[in-house]
Each structure stands twice: as C-alpha cells, then as structure tokens.
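This report concerns only the one structure given below.
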Amino acid sequence: MQDTVFTENNDSVFIISFRPGRNTNFDGLKGIISINNNNWAIQNVIAEPAGVEEGISLKVEQMYEFVEDKQWFPVQLNTIAIMNNVVISDSSSSIVLGSVKDTANSKVMNVPFGFGKSYIKDINLNPDLRNRDFSSIAIEMDPEATHRKEDFWMGYRIDTLTEKEINTYHFVDSISKVENFEQKAKTFESIMTGKIPWGYVDLDINRFFKYNTWEGFAVGAGLHTNDRVSQVFRVGGFVRYGFGDKTFKYGGDLGITLYNEQDLELQLEYMKDVTETSGINYFDDKPGFFKPEYFRNFLIKRMDNTEMYKAALGIRTLTYMNLNVGLSKSHKTVTDDYTFGTNTDQTNNFNFTELIIGFRYAYGEKFIKNMRKKLSLGTKYPIVWFQYTRGIDGFLDGEFEYNRFDIKIEKSFYTKYIGETSLKLAAGYIDSDIPYTNLYNGNGSYRAFTIFAANSFATMRMNEFLLSNYMAIYLTHDFGKLLYQGEKFKPEFAVATNIGFGFLDFSESHHNTDYNTMNHGYYESGLLINNLLNLRLYKLGVGVFYRYGPYSFENGWENLSGRITLNFPFDLNRN
C-alpha cells in the first residue's frame with residue numbers, strides 16, 4: 001500500500017507499507033518505509049518480524065536527514081526488544097520476559113522488555129579514516145555503567161525523560177524487585193558465558209557434570225578468578241572424578257593479559273586428564289553446551305591418559321584474525337591393547353613435544369564486549385581455521401618428528417523462499433609415521449538412537465576408521481517453517497548429507513587394533529524434523545540418517561541411525 005505526503009521543503013514523500021503476501025510461509029518483515037523524492041532516498045523506515053518469533057525479536061525504527069544538502073544520512077535508530085523464553089508465572093498471569101498473557105481473555109500482549117535509542121550527531125561526510133581505525137568491537141560495555149549516577153547520564157542524554165517514562169522506570173524497578181529480575185538476568189548471563197559469578201571467582205558450569213562412554217558419569221568443580229581480583233591476570237583450575245574409569249582428573253591454568261586492546265594474552269596450562277584417541281583440537285576450542293558438535297562428546301569411548309604442559313601466546317591482529325602460537329609437552333598412555341612400532345620394538349605410551357601455530361579468520365565479524373566475556377555477533381563471510389603442528393624429536397623428551405596440517409571452513413547463508421544452508425569443510429594431513437593417539441579417527445558419532453551431533457558422521461562407528469590424511473564435507477539445509485506451518489504445530493524440516501575421504505600411510509606400525517580407511521569415500525544422508533516440541537528454552541525433534549556407498553552394511557538396518565534433535569532459539573558462539 002502506498003500514500004504520498006509533502007514536507008516543509010515541498011519534497012514529496014512516498015509512504016509504502018510492506019508485509020509478506022497472504023498464505024506465504026517464510027520469515028519475512030512487515031513495516032513502513034518512507035521515500036523522499038529528493039535524490040530518491042530513504043527518509044524513514046520501521047520494520048519488525050511479520051510473525052511470532054522465538055527467542056529475541058526486534059523492532060527497529062531508523063530516521064535519516066539530508067546532511068549539508070549533499071547526502072542522506074541516518075541520525076537516529078530506535079530498537080525495541082522482546083524476549084520470548086523465560087516464563088514467570090503467578091495465579092492470574094504469566095510474564096514471558098516481554099509478553100503478558102491475559103488468561104481470562106486467552107490472548108497474549110507483547111510488552112517490550114528493552115528500548116534502545118541511538119543518536120548520531122556532528123556528522124562529517126568526508127572523514128580522514130583508515131581501515132585500521134575501525135575496531136571489531138561493535139558494542140563495548142562500560143564496567144562502571146551500572147554504578148554511574150544520574151548526573152553522568154544527563155550529560156549524554158539527547159532528550160529528556162517524559163513524566164510517563166519516569167513513572168515507567170519506577171514501575172519496572174518495583175516489578176524487578178518483586179520478581180527478582182536482577183537474579184534472573186544474572187542467571188541468563190551465566191548461561192551465555194558458561195560461568196557463575198561467586199564473589200571473587202567464577203564457577204565453570206561445564207565442570208560440574210560430564211558424561212562420555214569411557215568415563216561414564218563424572219562430577220567435578222572448576223573455577224577462575226574474575227575481574228574483582230584482577231583485570232590483568234586470571235588463575236584457575238579443575239578437578240573431576242569419573243565413576244566409569246574410577247579416576248581423578250585435575251589441572252590448572254594461568255592467563256595474563258599483556259595488551260587488552262589486541263587481546264594479547266599469555267596462557268600457561270597443566271592438566272592430567274583423558275583425551276580422545278586421535279581426536280582433533282584447535283587452539284580456540286572450549287567446552288560449551290550450546291555448540292553444535294557438543295553432544296558427540298557423550299559418545300567417545302576410546303581415550304588416552306594424558307599429562308600435558310602447555311604455554312601459548314594469543315593475539316588479535318589484522319582486525320579479524322586470532323593468532324595463537326604455543327609449545328606443548330605431553331605424555332600419553334593408551335587404555336587398551338594397542339601398541340605402536342615394529343614387530344620387535346612396540347610400546348603403548350608416547351611422549352610428544354609440539355610447536356603449534358594456528359589462526360582463526362572471520363572477516364567482518366563484530367563483537368559485544370563486557371568485562372567478563374566477548375560475545376560474537378557473527379559474520380556473513382566464511383570463517384576459516386588453520387593450524388600447523390610441528391612434532392619435535394629430542395626436545396623436552398619428544399619422540400616423534402612430523403608435520404601436521406589441519407583446516408576447517410564454516411559458512412551459513414540464507415536463500416529467500418528456500419531456507420538456510422550450512423556448510424563445513426574439514427581436512428587434515430600428517431606426513432610421518434606416528435601413533436594412533438595423534439592420528440584421525442573419522443569423526444563418527446554413531447548410536448542406534450541418540451542425540452544429534454552436528455558436523456559429524458551419524459552412521460559411522462566410533463573409531464571405525466584410522467587415517468593419516470582426510471577430507472570431509474558436512475552439508476545441511478534447513479527449510480525452517482517454509483514447508484509447513486500450522487496454527488500450533490510448526491515442524492521445521494532439514495536435510496543433510498555428509499561425505500568423507502581418508503587414507504592411512506605407514507599402516508604396518510599399528511598393532512592389536514581394528515580399523516578401516518575411507519579410500520573409496522564415505523557417504524550418508526539424513527532427514528531432520530525439528531521443533532516437534534517447543535519448550536521455549538529449547539526445541540526437540542527427531543531425525544534419521546542412512547549410510548550408503550562402498551562402506552555400507554549388507555544388513556540395511558545397520559546403516560540407519562535415529563536421532564533426537566535439540567535446538568536453542570539463541571546463538572551463543574562465544575570467543
């Protein structure tokens with residue numbers, strides 16, 4: 001729909017309202033856009049999701065002005081946020097952090113829980129700026145923000161508060177105290193950061209409980225000092241007991257921030273733990289429940305007892321690159337009958353000394369930063385990880401000399417009316433004869449029925465393959481609600497195909513173990529039906545994968561693997 005008005009300068013402004021067509025089924029926007037015939041530019045735009053959103057939904061309003069009679073430029077941005085996850089209930093109503101449900105009239109009123117107003121002034125259309133003048137930090141939280149007095153904010157506030165806004169603040173404060181919103185906000189922050197603040201230390205949530213096939217259920221504790229102790233250094237440790245292997249694991253680390261602006265940090269680490277046999281680890285890998293690959297950890301059943309010392313130096317450079325250089329010394333002992341070596345000289349424990357140089361490059365990535373964490377806002381470009389490992393013989397008791405190259409690339413993109421496609425490419429190469437412990441295992445995640453672990457082979461048995469070089473492609477296309485969307489039942493369909501190739505050099509050195517290689521190519525495809533049950537904080541679904549090609553089984557049932565899918569309505573890619 002279109003209408004026309006005139007400005008005080010006698011410019012014509014064409015007002016256009018937009019929304020998805022009737023009976024269309026995609027995540028579109030609705031709103032109003034105003035076009036000024038002076039240079040035919042946008043003068044004002046208001047947009048919000050056309051349908052009910054899961055998680056956080058935003059309504060934005062942006063206003064432009066004709067600056068210096070040369071260029072239209074944005075001068076004000078208003079953001080209204082609604083969260084539809086956490087429910088607070090009493091006998092008469094329930095609040096969903098931004099929505100109020102009127103039980104008597106059976107309707108939901110969306111009430112925003114957050115307002116943001118941004119003003120741009122002192123505009124210079126031709127600034128003398130270079131690329132290096134721009135930081136990757138889009139928003140940085142002032143650590144003293146919550147302690148500032150009213151006079152401080154008045155010095156920066158463009159407009160004054162109306163009586164209605166002042167009364168609203170008082171009302172929200174009173175509701176906040178009654179419903180204990182501050183504690184709920186801290187709980188949500190703990191979920192996002194993986195840490196619970198407790199005085200001068202942060203408790204590591206991921207250290208409380210752990211499960212995998214080798215250790216069984218494991219309980220433990222982990223903590224680190226926080227910024228209340230020091231903004232320069234961080235020290236912490238962990239301890240864990242596995243009821244399956246009946247063994248204590250422990251470790252500690254020290255981080256020293258040398259230059260905060262460039263994330264220059266020295267990291268020292270010690271651990272006596274178990275590590276996955278022939279697993280793959282990048283320098284920025286951190287445990288996290290919300291990571292797509294997390295649930296594969298439950299299925300690991302072959303591990304090595306590992307004692308490791310490590311020193312690493314990390315820095316953010318070239319704006320979008322994280323660079324890390326480290327030196328590690330580790331001693332690994334296998335936990336089964338495997339031995340490595342010649343027929344006359346075999347052993348089951350190994351010493352490695354490794355020089356590791358790695359980087360992560362995410363062009364265009366932006367962050368929100370506070371004192372405790374840096375939260376990625378993502379990027380529309382591919383993210384690339386590369387890691388080079390040099391095994392050193394004769395230094396710090398190292399017994400193996402080799403070169404190892406690991407790379408992975410991840411990219412997601414949305415196609416209108418089709419959905420979101422996610423692609424991950426991974427490859428690795430090792431040029432020398434080294435033990436099973438530091439090779440590649442194929443990245444399987446098979447159980448007849450288990451939780452779906454993204455970016456792994458759902459039908460591949462754990463440690464079914466042994467490889468010294470490999471390449472894998474994980475391709476998933478999520479149609480979302482495009483295929484079907486009922487009034488209450490809103491399943492989300494996705495299809496996936498995974499392909500892998502791999503080879504093993506120096507096979508004569510591995511004894512007392514069964515394995516295969518992927519010379520002829522490994523293939524599997526699957527169907528996922530997400531959001532069959534929406535529990536607000538997460539959505540449950542089901543799926544099935546089928547294995548075909550050269551490594552398929554004669555019994556068709558053995559090629560199948562059932563899955564439970566678990567998806568969260570917010571994205572927590574933390575750095």
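Chain labels A, B, ... are given in the sequence in which chains occur in the structure tokens; within each chain residues are numbered consecutively from 1, and ligands are likewise numbered from 1 in the order shown.
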
Quick one: residues within 12 Å of Asp345 in chain A, only C-alpha atoms counted, chain neighbours fewer than 6 positions away excluded, as number ranges by chain? A: 339, 509-511

Please identify all polymer residues within 10 Å of range 318-322 of chain A, counting only C-alpha atoms, omitting same-chain residues fewer than 4 positions from it, and present them as a PDB file with N, CA, C and O atoms, in the first residue's frame.
```pdb
ATOM      1  N   ASN A 131      41.208   1.846   7.416  1.00  0.00           N
ATOM      2  CA  ASN A 131      40.604   0.594   7.883  1.00  0.00           C
ATOM      3  C   ASN A 131      41.045   0.238   9.294  1.00  0.00           C
ATOM      4  O   ASN A 131      40.268  -0.280  10.094  1.00  0.00           O
ATOM      5  N   ARG A 132      42.291   0.529   9.626  1.00  0.00           N
ATOM      6  CA  ARG A 132      42.787   0.149  10.945  1.00  0.00           C
ATOM      7  C   ARG A 132      42.217   1.020  12.068  1.00  0.00           C
ATOM      8  O   ARG A 132      42.408   0.729  13.242  1.00  0.00           O
ATOM      9  N   ASP A 133      41.520   2.091  11.687  1.00  0.00           N
ATOM     10  CA  ASP A 133      40.876   2.924  12.693  1.00  0.00           C
ATOM     11  C   ASP A 133      39.588   2.299  13.219  1.00  0.00           C
ATOM     12  O   ASP A 133      39.024   2.774  14.203  1.00  0.00           O
ATOM     13  N   PHE A 134      39.113   1.242  12.559  1.00  0.00           N
ATOM     14  CA  PHE A 134      37.862   0.607  12.948  1.00  0.00           C
ATOM     15  C   PHE A 134      38.154  -0.668  13.740  1.00  0.00           C
ATOM     16  O   PHE A 134      38.954  -1.502  13.325  1.00  0.00           O
ATOM     17  N   SER A 135      37.487  -0.812  14.874  1.00  0.00           N
ATOM     18  CA  SER A 135      37.679  -1.970  15.734  1.00  0.00           C
ATOM     19  C   SER A 135      36.643  -3.042  15.400  1.00  0.00           C
ATOM     20  O   SER A 135      35.602  -2.772  14.795  1.00  0.00           O
ATOM     21  N   SER A 136      36.922  -4.282  15.826  1.00  0.00           N
ATOM     22  CA  SER A 136      35.957  -5.371  15.665  1.00  0.00           C
ATOM     23  C   SER A 136      34.891  -5.336  16.753  1.00  0.00           C
ATOM     24  O   SER A 136      33.922  -6.093  16.701  1.00  0.00           O
ATOM     25  N   ILE A 137      35.057  -4.454  17.737  1.00  0.00           N
ATOM     26  CA  ILE A 137      34.082  -4.340  18.821  1.00  0.00           C
ATOM     27  C   ILE A 137      32.969  -3.396  18.384  1.00  0.00           C
ATOM     28  O   ILE A 137      33.183  -2.199  18.208  1.00  0.00           O
ATOM     29  N   GLN A 262      44.362  -5.527  21.933  1.00  0.00           N
ATOM     30  CA  GLN A 262      44.623  -6.512  20.875  1.00  0.00           C
ATOM     31  C   GLN A 262      44.424  -7.941  21.356  1.00  0.00           C
ATOM     32  O   GLN A 262      44.818  -8.880  20.662  1.00  0.00           O
ATOM     33  N   ASP A 263      43.793  -8.110  22.518  1.00  0.00           N
ATOM     34  CA  ASP A 263      43.583  -9.437  23.096  1.00  0.00           C
ATOM     35  C   ASP A 263      44.893 -10.225  23.191  1.00  0.00           C
ATOM     36  O   ASP A 263      44.915 -11.446  22.989  1.00  0.00           O
ATOM     37  N   LEU A 264      45.962  -9.526  23.503  1.00  0.00           N
ATOM     38  CA  LEU A 264      47.262 -10.174  23.657  1.00  0.00           C
ATOM     39  C   LEU A 264      47.325 -10.831  25.028  1.00  0.00           C
ATOM     40  O   LEU A 264      47.264 -10.151  26.057  1.00  0.00           O
ATOM     41  N   PHE A 283      43.126 -24.481  18.650  1.00  0.00           N
ATOM     42  CA  PHE A 283      43.600 -23.711  19.792  1.00  0.00           C
ATOM     43  C   PHE A 283      42.474 -22.965  20.510  1.00  0.00           C
ATOM     44  O   PHE A 283      42.577 -22.685  21.699  1.00  0.00           O
ATOM     45  N   ASP A 284      41.378 -22.647  19.792  1.00  0.00           N
ATOM     46  CA  ASP A 284      40.298 -21.893  20.429  1.00  0.00           C
ATOM     47  C   ASP A 284      39.133 -22.772  20.838  1.00  0.00           C
ATOM     48  O   ASP A 284      38.064 -22.267  21.189  1.00  0.00           O
ATOM     49  N   GLY A 314      48.502 -15.639  22.544  1.00  0.00           N
ATOM     50  CA  GLY A 314      47.452 -15.329  21.584  1.00  0.00           C
ATOM     51  C   GLY A 314      47.331 -13.839  21.365  1.00  0.00           C
ATOM     52  O   GLY A 314      47.559 -13.038  22.280  1.00  0.00           O
ATOM     53  N   GLY A 358      48.499 -21.479  14.940  1.00  0.00           N
ATOM     54  CA  GLY A 358      47.158 -21.537  14.378  1.00  0.00           C
ATOM     55  C   GLY A 358      46.519 -20.169  14.279  1.00  0.00           C
ATOM     56  O   GLY A 358      46.905 -19.232  14.976  1.00  0.00           O
ATOM     57  N   PHE A 359      45.528 -20.066  13.416  1.00  0.00           N
ATOM     58  CA  PHE A 359      44.757 -18.825  13.347  1.00  0.00           C
ATOM     59  C   PHE A 359      43.302 -19.119  13.021  1.00  0.00           C
ATOM     60  O   PHE A 359      42.959 -20.158  12.451  1.00  0.00           O
ATOM     61  N   ARG A 360      42.466 -18.195  13.409  1.00  0.00           N
ATOM     62  CA  ARG A 360      41.042 -18.174  13.051  1.00  0.00           C
ATOM     63  C   ARG A 360      40.774 -16.843  12.390  1.00  0.00           C
ATOM     64  O   ARG A 360      41.045 -15.788  12.970  1.00  0.00           O
ATOM     65  N   TYR A 361      40.232 -16.878  11.174  1.00  0.00           N
ATOM     66  CA  TYR A 361      39.978 -15.644  10.433  1.00  0.00           C
ATOM     67  C   TYR A 361      38.507 -15.555  10.080  1.00  0.00           C
ATOM     68  O   TYR A 361      37.958 -16.439   9.412  1.00  0.00           O
ATOM     69  N   ALA A 362      37.860 -14.483  10.567  1.00  0.00           N
ATOM     70  CA  ALA A 362      36.429 -14.273  10.316  1.00  0.00           C
ATOM     71  C   ALA A 362      36.239 -12.836   9.850  1.00  0.00           C
ATOM     72  O   ALA A 362      36.045 -11.921  10.663  1.00  0.00           O
ATOM     73  N   TYR A 363      36.308 -12.644   8.557  1.00  0.00           N
ATOM     74  CA  TYR A 363      36.212 -11.295   8.000  1.00  0.00           C
ATOM     75  C   TYR A 363      34.845 -10.685   8.322  1.00  0.00           C
ATOM     76  O   TYR A 363      33.807 -11.319   8.147  1.00  0.00           O
ATOM     77  N   GLY A 364      34.865  -9.444   8.802  1.00  0.00           N
ATOM     78  CA  GLY A 364      33.632  -8.728   9.081  1.00  0.00           C
ATOM     79  C   GLY A 364      32.977  -9.073  10.401  1.00  0.00           C
ATOM     80  O   GLY A 364      31.901  -8.558  10.702  1.00  0.00           O
ATOM     81  N   GLU A 365      33.599  -9.918  11.226  1.00  0.00           N
ATOM     82  CA  GLU A 365      32.989 -10.322  12.496  1.00  0.00           C
ATOM     83  C   GLU A 365      33.011  -9.174  13.494  1.00  0.00           C
ATOM     84  O   GLU A 365      34.008  -8.464  13.636  1.00  0.00           O
ATOM     85  N   LYS A 366      31.893  -8.983  14.177  1.00  0.00           N
ATOM     86  CA  LYS A 366      31.783  -7.958  15.205  1.00  0.00           C
ATOM     87  C   LYS A 366      31.446  -8.603  16.552  1.00  0.00           C
ATOM     88  O   LYS A 366      30.927  -9.721  16.607  1.00  0.00           O
ATOM     89  N   ILE A 383      34.166 -18.499   7.839  1.00  0.00           N
ATOM     90  CA  ILE A 383      35.135 -18.478   8.934  1.00  0.00           C
ATOM     91  C   ILE A 383      36.147 -19.589   8.686  1.00  0.00           C
ATOM     92  O   ILE A 383      35.769 -20.735   8.425  1.00  0.00           O
ATOM     93  N   VAL A 384      37.421 -19.248   8.758  1.00  0.00           N
ATOM     94  CA  VAL A 384      38.488 -20.186   8.424  1.00  0.00           C
ATOM     95  C   VAL A 384      39.378 -20.416   9.640  1.00  0.00           C
ATOM     96  O   VAL A 384      39.829 -19.459  10.281  1.00  0.00           O
ATOM     97  N   TRP A 385      39.607 -21.691   9.963  1.00  0.00           N
ATOM     98  CA  TRP A 385      40.596 -22.088  10.965  1.00  0.00           C
ATOM     99  C   TRP A 385      41.734 -22.821  10.267  1.00  0.00           C
ATOM    100  O   TRP A 385      41.496 -23.683   9.409  1.00  0.00           O
TER     101      TRP A 385
END
```

Which one of A:Arg536, A:Arg148, A:Arg447, A:Arg240 sits closest to Lys301 in chain A if you count only C-alpha atoms? A:Arg447

Using only C-alpha atoms, which residues sit within 12 Å of Glu68 in chain A once same-chain residues fewer than 2 positions away are excluded, as number ranges by chain? A: 65-66, 70-73, 122-126

Distance query range 558-562 of chain A at most 12 Å, only C-alpha atoms, self and fewer than 2 positions along chain excluded, as a VMD selection string: chain A and resid 444 to 453 457 to 461 522 to 529 541 to 556 564 to 565

If you keep C-alpha atoms, can you produce a file of those selected residues as an mmCIF file, in the first residue's frame?
```cif
data_model
loop_
_atom_site.group_PDB
_atom_site.id
_atom_site.type_symbol
_atom_site.label_atom_id
_atom_site.label_comp_id
_atom_site.auth_asym_id
_atom_site.auth_seq_id
_atom_site.Cartn_x
_atom_site.Cartn_y
_atom_site.Cartn_z
ATOM 1 C CA GLY A 444 31.940 -40.696 13.852
ATOM 2 C CA SER A 445 29.015 -40.260 16.258
ATOM 3 C CA TYR A 446 27.022 -43.486 15.836
ATOM 4 C CA ARG A 447 24.470 -44.957 18.170
ATOM 5 C CA ALA A 448 21.315 -46.738 17.066
ATOM 6 C CA PHE A 449 19.392 -43.859 18.654
ATOM 7 C CA THR A 450 20.979 -40.855 20.323
ATOM 8 C CA ILE A 451 21.167 -37.032 20.398
ATOM 9 C CA PHE A 452 22.092 -35.411 17.088
ATOM 10 C CA ALA A 453 25.647 -34.039 16.947
ATOM 11 C CA PHE A 457 29.114 -38.763 10.715
ATOM 12 C CA ALA A 458 25.923 -40.030 12.351
ATOM 13 C CA THR A 459 26.188 -43.585 10.995
ATOM 14 C CA MET A 460 29.969 -44.004 11.440
ATOM 15 C CA ARG A 461 31.005 -46.148 14.414
ATOM 16 C CA TYR A 522 32.094 -42.489 2.926
ATOM 17 C CA TYR A 523 28.523 -41.290 2.287
ATOM 18 C CA GLU A 524 25.443 -40.693 4.440
ATOM 19 C CA SER A 525 22.291 -38.577 4.230
ATOM 20 C CA GLY A 526 19.568 -37.741 6.703
ATOM 21 C CA LEU A 527 16.240 -36.082 7.369
ATOM 22 C CA LEU A 528 15.648 -33.972 10.481
ATOM 23 C CA ILE A 529 12.268 -32.774 11.751
ATOM 24 C CA GLY A 541 12.698 -33.030 17.238
ATOM 25 C CA VAL A 542 13.673 -36.320 15.612
ATOM 26 C CA GLY A 543 15.761 -37.425 12.665
ATOM 27 C CA VAL A 544 17.215 -40.397 10.846
ATOM 28 C CA PHE A 545 20.434 -40.922 8.846
ATOM 29 C CA TYR A 546 21.252 -43.639 6.305
ATOM 30 C CA ARG A 547 24.690 -44.886 5.276
ATOM 31 C CA TYR A 548 25.291 -45.874 1.658
ATOM 32 C CA GLY A 549 28.131 -46.416 -0.791
ATOM 33 C CA PRO A 550 31.306 -48.533 -0.535
ATOM 34 C CA TYR A 551 31.268 -48.801 3.281
ATOM 35 C CA SER A 552 27.581 -49.605 3.781
ATOM 36 C CA PHE A 553 26.494 -52.819 5.511
ATOM 37 C CA GLU A 554 24.617 -55.679 3.862
ATOM 38 C CA ASN A 555 22.012 -55.542 6.629
ATOM 39 C CA GLY A 556 20.132 -52.327 5.840
ATOM 40 C CA ILE A 564 16.830 -36.662 18.804
ATOM 41 C CA THR A 565 17.446 -33.047 17.794
#
```

As a list in words, please: the residues near Ile357 in chain A (cut-off 7 Å, only C-alpha atoms, same-chain neighbours under 6 positions excluded). Asn324, Val325, Gly326, Gln387, Tyr388 and Thr389 of chain A

At a cut-off of 6 Å, using only C-alpha atoms, what residues contact Gln267 in chain A? Leave out same-chain residues fewer than 5 positions from it and give the result as a ChimeraX atom specification. /A:254-255,311-312

Just the selected residues (N, CA, C and O atoms), exported as a PDB file, in the first residue's frame, please.
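See part-v3.pdb below for the written result:
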```pdb
ATOM      1  N   LEU A 254      46.868 -20.400  34.045  1.00  0.00           N
ATOM      2  CA  LEU A 254      47.125 -19.002  34.364  1.00  0.00           C
ATOM      3  C   LEU A 254      47.082 -18.202  33.075  1.00  0.00           C
ATOM      4  O   LEU A 254      47.771 -18.534  32.110  1.00  0.00           O
ATOM      5  N   GLY A 255      46.246 -17.170  33.041  1.00  0.00           N
ATOM      6  CA  GLY A 255      46.178 -16.283  31.884  1.00  0.00           C
ATOM      7  C   GLY A 255      46.588 -14.880  32.279  1.00  0.00           C
ATOM      8  O   GLY A 255      46.115 -14.342  33.285  1.00  0.00           O
ATOM      9  N   ALA A 311      52.322 -23.810  27.010  1.00  0.00           N
ATOM     10  CA  ALA A 311      52.424 -22.351  27.054  1.00  0.00           C
ATOM     11  C   ALA A 311      52.029 -21.820  25.688  1.00  0.00           C
ATOM     12  O   ALA A 311      52.449 -22.365  24.654  1.00  0.00           O
ATOM     13  N   ALA A 312      51.186 -20.786  25.673  1.00  0.00           N
ATOM     14  CA  ALA A 312      50.712 -20.253  24.401  1.00  0.00           C
ATOM     15  C   ALA A 312      50.556 -18.747  24.494  1.00  0.00           C
ATOM     16  O   ALA A 312      50.284 -18.189  25.563  1.00  0.00           O
TER      17      ALA A 312
END
```

Give the strand (DSSP E or B) residues of range 393-518 of chain A, as assigned by DSSP on the backbone, as a PyMOL selection string. chain A and resi 402-415+419-430+440+444+449-451+457+465+467+469-480+492-503+510-511+516+518

Given only C-alpha atoms as the counted atoms, nearest of A:His477, A:Lys30, A:Arg302, A:Lys374 to Ser17 in chain A: A:Lys30

Report, in Å to a single decimal, how far apart CA of Lys59 in chain A and CA of Glu420 in chain A are.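 If I compute the distance from CA of Glu420 in chain A to CA of Lys59 in chain A, I get 22.1 Å.
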
Which of A:Ile120, A:Ala47, A:Thr437, A:Asn36 sits closest to Pro74 in chain A [using only C-alpha atoms]: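 The answer is A:Ile120, which sits nearest to Pro74 in chain A.
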
One decimal, Å: what's the distance from CA of Ser278 in chain A over to CA of Asn441 in chain A, could you say?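 Going from CA of Ser278 in chain A over to CA of Asn441 in chain A, I get 5.5 Å.
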
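If you measure from each of A:Leu566, A:Arg390, A:Thr379, A:Ile15 to Tyr294 in chain A using only C-alpha atoms, the closest one turns out to be A:Leu566.
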
Please determine, counting only C-alpha atoms, which residue among A:Ala81, A:Ala221, A:Ile280, A:Leu466 has the shortest atom-to-atom distance to Lys195 in chain A.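 Smallest separation from Lys195 in chain A among the options: A:Ala221.
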
Nearest residue to Thr306 in chain A from the set A:Trp153, A:Phe350, A:Phe386, A:Tyr282 (distances using only C-alpha atoms): A:Phe350

In Å to one decimal, how far is CA of Ser330 in chain A from CA of Lys310 in chain A?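 Atom-to-atom, CA of Lys310 in chain A and CA of Ser330 in chain A are spaced 8.4 Å apart.
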